[in-house]
Each structure stands twice: as structure tokens, then as C-alpha cells.
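*Asks:* So I've got this file, protein.pdb, and it contains PDB, C-alpha atoms:
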```pdb
ATOM      1  CA  MET A   1      13.349 -64.737  31.556
ATOM      2  CA  MET A   2      15.394 -62.035  29.858
ATOM      3  CA  TYR A   3      18.363 -60.232  31.299
ATOM      4  CA  ARG A   4      21.347 -58.189  30.219
ATOM      5  CA  ARG A   5      24.878 -58.504  31.533
ATOM      6  CA  ARG A   6      28.144 -56.666  30.928
ATOM      7  CA  ASN A   7      31.104 -58.748  29.740
ATOM      8  CA  ASN A   8      34.542 -57.300  30.337
ATOM      9  CA  LYS A   9      36.330 -60.180  28.595
ATOM     10  CA  PRO A  10      34.769 -60.518  25.125
ATOM     11  CA  GLU A  11      37.632 -62.640  23.756
ATOM     12  CA  ILE A  12      37.051 -65.513  26.206
ATOM     13  CA  GLU A  13      35.724 -68.814  24.824
ATOM     14  CA  THR A  14      31.932 -68.908  25.048
ATOM     15  CA  HIS A  15      31.744 -71.951  27.333
ATOM     16  CA  LYS A  16      33.855 -70.088  29.921
ATOM     17  CA  ILE A  17      31.446 -67.140  30.197
ATOM     18  CA  LYS A  18      29.630 -67.391  33.541
ATOM     19  CA  ASP A  19      26.174 -66.598  32.140
ATOM     20  CA  PHE A  20      26.541 -69.309  29.505
ATOM     21  CA  GLN A  21      27.812 -71.763  32.129
ATOM     22  CA  LYS A  22      24.713 -71.068  34.244
ATOM     23  CA  LEU A  23      22.466 -71.877  31.271
ATOM     24  CA  LEU A  24      24.403 -75.096  30.631
ATOM     25  CA  VAL A  25      23.968 -76.195  34.248
ATOM     26  CA  LYS A  26      20.285 -75.232  34.313
ATOM     27  CA  TYR A  27      19.224 -76.721  30.958
ATOM     28  CA  GLY A  28      22.052 -79.081  29.974
ATOM     29  CA  GLN A  29      21.060 -82.169  31.969
ATOM     30  CA  GLY A  30      21.074 -85.693  30.544
ATOM     31  CA  VAL A  31      22.620 -86.774  27.250
ATOM     32  CA  GLY A  32      23.669 -83.861  25.097
ATOM     33  CA  ILE A  33      25.393 -83.096  21.834
ATOM     34  CA  ASP A  34      27.654 -80.191  20.881
ATOM     35  CA  PRO A  35      28.556 -80.086  17.164
ATOM     36  CA  PHE A  36      30.836 -77.013  17.628
ATOM     37  CA  ALA A  37      32.346 -77.927  21.003
ATOM     38  CA  ARG A  38      35.931 -76.662  20.689
ATOM     39  CA  ASN A  39      37.063 -77.243  24.303
ATOM     40  CA  CYS A  40      33.638 -77.332  25.952
ATOM     41  CA  GLN A  41      33.111 -80.695  27.630
ATOM     42  CA  HIS A  42      29.556 -80.233  28.955
ATOM     43  CA  ALA A  43      27.868 -82.558  26.434
ATOM     44  CA  PHE A  44      28.626 -86.275  26.122
ATOM     45  CA  PHE A  45      28.856 -86.100  22.317
ATOM     46  CA  THR A  46      31.321 -83.394  21.271
ATOM     47  CA  ASN A  47      32.619 -82.417  17.854
ATOM     48  CA  ASP A  48      34.784 -79.687  16.382
ATOM     49  CA  ILE A  49      36.269 -79.491  12.909
ATOM     50  CA  ASN A  50      39.590 -78.420  14.453
ATOM     51  CA  PRO A  51      41.571 -81.511  15.554
ATOM     52  CA  ASP A  52      43.535 -79.410  18.070
ATOM     53  CA  THR A  53      40.560 -79.161  20.451
ATOM     54  CA  LEU A  54      39.243 -81.335  23.290
ATOM     55  CA  ALA A  55      36.244 -82.493  21.233
ATOM     56  CA  LYS A  56      35.920 -86.277  20.824
ATOM     57  CA  ASP A  57      35.178 -86.062  17.084
ATOM     58  CA  HIS A  58      36.552 -83.761  14.389
ATOM     59  CA  MET A  59      34.145 -83.525  11.476
ATOM     60  CA  ASP A  60      32.252 -80.837   9.626
ATOM     61  CA  ALA A  61      29.240 -80.078  11.861
ATOM     62  CA  LEU A  62      26.641 -80.955   9.231
ATOM     63  CA  ASP A  63      28.354 -84.269   8.459
ATOM     64  CA  TYR A  64      28.625 -84.947  12.199
ATOM     65  CA  LEU A  65      24.923 -84.373  12.803
ATOM     66  CA  ASN A  66      24.009 -86.484   9.770
ATOM     67  CA  HIS A  67      26.020 -89.490  10.951
ATOM     68  CA  PHE A  68      23.674 -90.172  13.907
ATOM     69  CA  ASP A  69      20.794 -92.624  13.625
ATOM     70  CA  ASP A  70      17.491 -90.914  12.722
ATOM     71  CA  ASN A  71      15.836 -92.296  15.866
ATOM     72  CA  MET A  72      18.491 -90.955  18.269
ATOM     73  CA  LYS A  73      17.130 -88.199  20.534
ATOM     74  CA  PHE A  74      19.062 -85.921  22.871
ATOM     75  CA  ASP A  75      18.078 -84.151  26.098
ATOM     76  CA  PHE A  76      19.924 -80.983  25.082
ATOM     77  CA  ILE A  77      21.890 -79.498  22.224
ATOM     78  CA  ILE A  78      24.570 -76.827  22.538
ATOM     79  CA  PHE A  79      24.741 -74.724  19.384
ATOM     80  CA  ASP A  80      27.761 -72.408  19.540
ATOM     81  CA  PRO A  81      29.306 -72.118  16.059
ATOM     82  CA  PRO A  82      31.837 -69.449  15.119
ATOM     83  CA  PHE A  83      29.387 -66.627  14.447
ATOM     84  CA  SER A  84      31.628 -64.072  12.785
ATOM     85  CA  ASP A  85      34.397 -64.046  10.209
ATOM     86  CA  ARG A  86      36.802 -62.667  12.803
ATOM     87  CA  MET A  87      35.959 -65.412  15.298
ATOM     88  CA  ALA A  88      36.437 -68.096  12.642
ATOM     89  CA  LYS A  89      39.715 -66.515  11.532
ATOM     90  CA  ASP A  90      40.997 -66.344  15.143
ATOM     91  CA  LYS A  91      39.895 -69.877  16.107
ATOM     92  CA  TYR A  92      40.234 -71.762  12.805
ATOM     93  CA  GLY A  93      42.550 -69.657  10.647
ATOM     94  CA  THR A  94      39.993 -69.354   7.837
ATOM     95  CA  SER A  95      36.898 -67.358   6.956
ATOM     96  CA  ASN A  96      33.666 -68.318   8.659
ATOM     97  CA  LEU A  97      33.036 -71.979   7.927
ATOM     98  CA  TYR A  98      29.288 -71.826   8.484
ATOM     99  CA  SER A  99      28.138 -68.393   7.343
ATOM    100  CA  ALA A 100      30.116 -68.482   4.091
ATOM    101  CA  GLN A 101      27.474 -70.905   2.853
ATOM    102  CA  SER A 102      24.442 -68.888   3.829
ATOM    103  CA  ASN A 103      22.221 -71.843   4.670
ATOM    104  CA  LYS A 104      24.748 -74.235   6.261
ATOM    105  CA  ALA A 105      24.248 -72.996   9.836
ATOM    106  CA  THR A 106      20.483 -73.013   9.274
ATOM    107  CA  MET A 107      20.665 -76.588   8.014
ATOM    108  CA  CYS A 108      22.692 -77.568  11.099
ATOM    109  CA  GLN A 109      20.116 -75.924  13.405
ATOM    110  CA  LYS A 110      17.154 -77.608  11.745
ATOM    111  CA  LEU A 111      18.808 -81.026  11.741
ATOM    112  CA  ALA A 112      19.920 -80.654  15.369
ATOM    113  CA  SER A 113      16.442 -79.567  16.485
ATOM    114  CA  ARG A 114      14.970 -82.738  14.936
ATOM    115  CA  MET A 115      17.426 -84.741  17.067
ATOM    116  CA  LEU A 116      16.107 -83.132  20.252
ATOM    117  CA  ARG A 117      13.565 -85.076  22.318
ATOM    118  CA  GLN A 118      10.257 -83.439  23.171
ATOM    119  CA  GLY A 119      10.832 -81.348  26.304
ATOM    120  CA  GLY A 120      14.565 -81.090  25.525
ATOM    121  CA  TYR A 121      16.532 -77.839  25.275
ATOM    122  CA  PHE A 122      18.377 -76.148  22.427
ATOM    123  CA  ILE A 123      21.026 -73.868  24.000
ATOM    124  CA  LYS A 124      22.235 -71.355  21.425
ATOM    125  CA  ALA A 125      24.947 -68.668  21.348
ATOM    126  CA  GLY A 126      25.288 -66.096  18.590
ATOM    127  CA  TYR A 127      24.546 -62.617  17.309
ATOM    128  CA  ASN A 128      20.825 -63.300  16.808
ATOM    129  CA  SER A 129      17.888 -64.785  18.664
ATOM    130  CA  ASN A 130      16.251 -66.433  15.663
ATOM    131  CA  PRO A 131      14.441 -69.664  16.544
ATOM    132  CA  PRO A 132      16.350 -72.789  15.451
ATOM    133  CA  SER A 133      13.076 -74.412  14.362
ATOM    134  CA  ASN A 134       9.341 -73.680  14.350
ATOM    135  CA  ASN A 135       8.562 -76.283  17.009
ATOM    136  CA  LEU A 136      10.795 -74.705  19.678
ATOM    137  CA  GLU A 137       9.594 -72.217  22.273
ATOM    138  CA  LEU A 138      11.861 -69.539  23.772
ATOM    139  CA  LYS A 139      12.462 -70.219  27.486
ATOM    140  CA  GLU A 140      15.281 -67.833  28.399
ATOM    141  CA  LEU A 141      17.316 -65.088  26.751
ATOM    142  CA  CYS A 142      20.502 -63.415  27.947
ATOM    143  CA  LEU A 143      22.042 -60.445  26.192
ATOM    144  CA  LEU A 144      25.746 -60.144  26.934
ATOM    145  CA  ALA A 145      26.879 -56.569  26.237
ATOM    146  CA  CYS A 146      30.530 -56.584  25.162
ATOM    147  CA  GLY A 147      30.865 -52.788  25.053
ATOM    148  CA  GLY A 148      32.388 -50.359  22.617
ATOM    149  CA  ASN A 149      32.087 -51.338  18.983
ATOM    150  CA  ARG A 150      31.862 -55.073  19.752
ATOM    151  CA  ASN A 151      28.701 -56.985  18.956
ATOM    152  CA  ASP A 152      26.622 -58.193  21.867
ATOM    153  CA  ILE A 153      26.408 -61.961  22.314
ATOM    154  CA  ILE A 154      22.944 -63.440  22.641
ATOM    155  CA  PHE A 155      22.381 -66.666  24.562
ATOM    156  CA  SER A 156      18.966 -68.204  24.003
ATOM    157  CA  VAL A 157      17.403 -71.391  25.330
ATOM    158  CA  TRP A 158      14.612 -73.050  23.375
ATOM    159  CA  GLU A 159      12.405 -75.920  24.530
ATOM    160  CA  LYS A 160      11.058 -78.467  22.069
ATOM    161  CA  THR A 161       7.321 -78.297  22.671
ATOM    162  CA  PHE A 162       6.199 -80.800  20.046
ATOM    163  CA  ASP A 163       7.737 -83.057  17.435
ATOM    164  CA  LEU A 164       7.042 -82.010  13.842
ATOM    165  CA  ASP A 165       7.325 -85.669  12.771
ATOM    166  CA  GLU A 166       4.185 -86.416  14.804
ATOM    167  CA  TRP A 167       2.076 -84.110  12.624
ATOM    168  CA  VAL A 168       0.569 -85.750   9.584
ATOM    169  CA  VAL A 169      -0.865 -83.658   6.765
ATOM    170  CA  GLU A 170      -3.703 -85.418   4.962
TER     171      GLU A 170
END
```
Show this structure as C-alpha cells.
*Replies:*
Amino acid sequence: MMYRRRNNKPEIETHKIKDFQKLLVKYGQGVGIDPFARNCQHAFFTNDINPDTLAKDHMDALDYLNHFDDNMKFDFIIFDPPFSDRMAKDKYGTSNLYSAQSNKATMCQKLASRMLRQGGYFIKAGYNSNPPSNNLELKELCLLACGGNRNDIIFSVWEKTFDLDEWVVE
């Protein structure tokens, strides 16, 4: 399903936006992980590099994802990194932590998608609707129009349809 909404409060934290909350309720059931949680408490495992947030852990997102056992699988993943330099500057006081290294956010997405169980959901917020991994299928897309010269926010939900580790190339 695709739909477009108008957001009159573009500066609000993502997890407080009603359309994003609806996606979290609909797809965020079971044991979840949020490597960029800030103050979002929807997932059981929460992390944010900023120690002044409600997240349980405070590590770099890539390090956080790498510290889990390879066999651990999650029912859902919330992927809501700071997706602009301005957002990173406002929230963290520094330039964008994950787009400054062009492949760091991509590495986080790919690692997180491997941690997702088959049939689980990858709930993503950002300025693009690129798939987090090749083995995920788009289930729902919401375009949040922020108006004026502000970028729209795109919420996308991806379902893991098969596990790449199950495929053997001979």
C-alpha cells in the first residue's frame, strides 16, 4: 500500500509521527531491534550513540549490530538513522555520522537485514526508498510531505521473503 500524508510538524522526532507509529504497531510485533533508537522505546533492543537518550545501549550502530551472535534473529528492525547533515547536527552536534562514510549506513542496513528472521519486517525511515537488501520485498510505503523547501520523509516496510544464507552456489 502506498499513501501520501501532509506533516505540519517536520521537526518532531520520527517515532512520534503518527504515520510512523501506525507502521510500528502494524509491523513491529515480537522481538525487535533499533540501532538508532534515540528516545523510541518500541523495540526491546535499543541503541543510540548519544548517551543522553532513552536507548539501553550507546554504541556506534555498526559496532552495536556486530556485537550480536550470528544466529540471533529478530521479528522486526527499526532503521531510522539521522538522514541529513542538519538532522545529525541538531540531534548529535556533529556532521552526519552515517552518511559521511558513504557506505556505513549501507553496511548497517545489510547487516541488520541478515539479522531479520524470514517473514520479519524491516521498518525504514529516510529520504529514499532503496531496498535494505536484495532478499526483502516492499510491503508498504508512506510518503510524508513536509512542505515548502523541506525534503519529504519516506517510510518503507520491507518483508524478508527468503534468507540469502540458505542459497548455496555450486
*Asks:* What does the structure give for the distance between atom CA of His15 of chain A and atom CA of Cys40 of chain A, in Å to one decimal?
*Replies:*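 That distance, rounded to one decimal, is 5.9 Å.
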*Asks:* Can you work out which one of A:Thr53, A:Gln118, A:Ser129, A:Asn39 has the shortest atom-to-atom distance to Asp152 of chain A, counting all atoms listed in the file?
*Replies:* A:Ser129
*Asks:* Between atom CA of Phe155 of chain A and atom CA of Tyr127 of chain A, what distance in Å does the model show, to one decimal?
*Replies:*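 Spanning atom CA of Phe155 of chain A to atom CA of Tyr127 of chain A is a straight-line distance of 8.6 Å.
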*Asks:* Tell me which of A:Phe76, A:Phe20, A:Phe44, A:Tyr121 sits closest to Lys160 of chain A, counting all atoms listed in the file.
*Replies:*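 For Lys160 of chain A, the nearest of the given residues is A:Tyr121.
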*Asks:* Residues at most 10 Å from Asp48 of chain A, counting only C-alpha atoms, excluding those fewer than 2 positions away in the same chain, as a list in words?
*Replies:*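 Within the cut-off, the hits are Asp34, Pro35, Phe36, Ala37, Arg38, Asn39, Cys40, Thr46, Asn50, Pro51, Asp52, Thr53, Leu54, Ala55, Lys56, Asp57, His58, Met59, Asp60, Ala61, Tyr64 and Pro81 of chain A.
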*Asks:* Quick one: distance from atom CA of Lys139 of chain A to atom CA of Asp69 of chain A in Å, one decimal?
*Replies:*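 Atom-to-atom, atom CA of Lys139 of chain A to atom CA of Asp69 of chain A, that is 27.6 Å.
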*Asks:* Select, from A:Ile153, A:Ala145, A:Ala43, A:Ala105, the residue with the minimum atom-to-atom distance to Ala125 of chain A, counting all atoms listed in the file.
*Replies:*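 Distance minimum relative to Ala125 of chain A lands on A:Ile153.
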*Asks:* Pick from A:Phe45, A:Phe83, A:Phe74, A:Tyr27: nearest to Ala112 of chain A, with only C-alpha atoms counted?
*Replies:*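 With only C-alpha atoms as the atom set, the closest residue is A:Phe74.
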*Asks:* Between A:Arg114, A:Lys124, A:Gln29, A:Ile77, which residue has the minimum interatomic distance to Leu141 of chain A, considering only C-alpha atoms?
*Replies:*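 For Leu141 of chain A, the nearest of the given residues is A:Lys124.
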*Asks:* Would you write out, as a PyMOL selection string, every residue that the PyMOL selection byres ((chain A and resi 31) around 6) captures in this file?
*Replies:* chain A and resi 30+32+74-75
*Asks:* Pick the closest to Gly126 of chain A from A:Leu62, A:Val25, A:Cys108, A:Leu143: which is it, counting all atoms listed in the file?
*Replies:*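 Comparing A:Leu62, A:Val25, A:Cys108, A:Leu143 against Gly126 of chain A, the winner is A:Leu143.
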*Asks:* Build an axis-aligned box that encloses every atom of segment 108-127 of chain A listed in the file, pad it by 8 Å on each side, and report its centre and edge lengths in Å to one decimal, as lines of an AutoDock Vina configuration file.
*Replies:*
```
center_x = 17.8
center_y = -73.8
center_z = 18.7
size_x = 31.0
size_y = 38.5
size_z = 31.2
```
*Asks:* What does the PyMOL selection byres ((chain A and resi 107) around 12) select in this file, as a PyMOL selection string?
*Replies:* chain A and resi 61-63+65-66+98-99+101-106+108-114+132-133
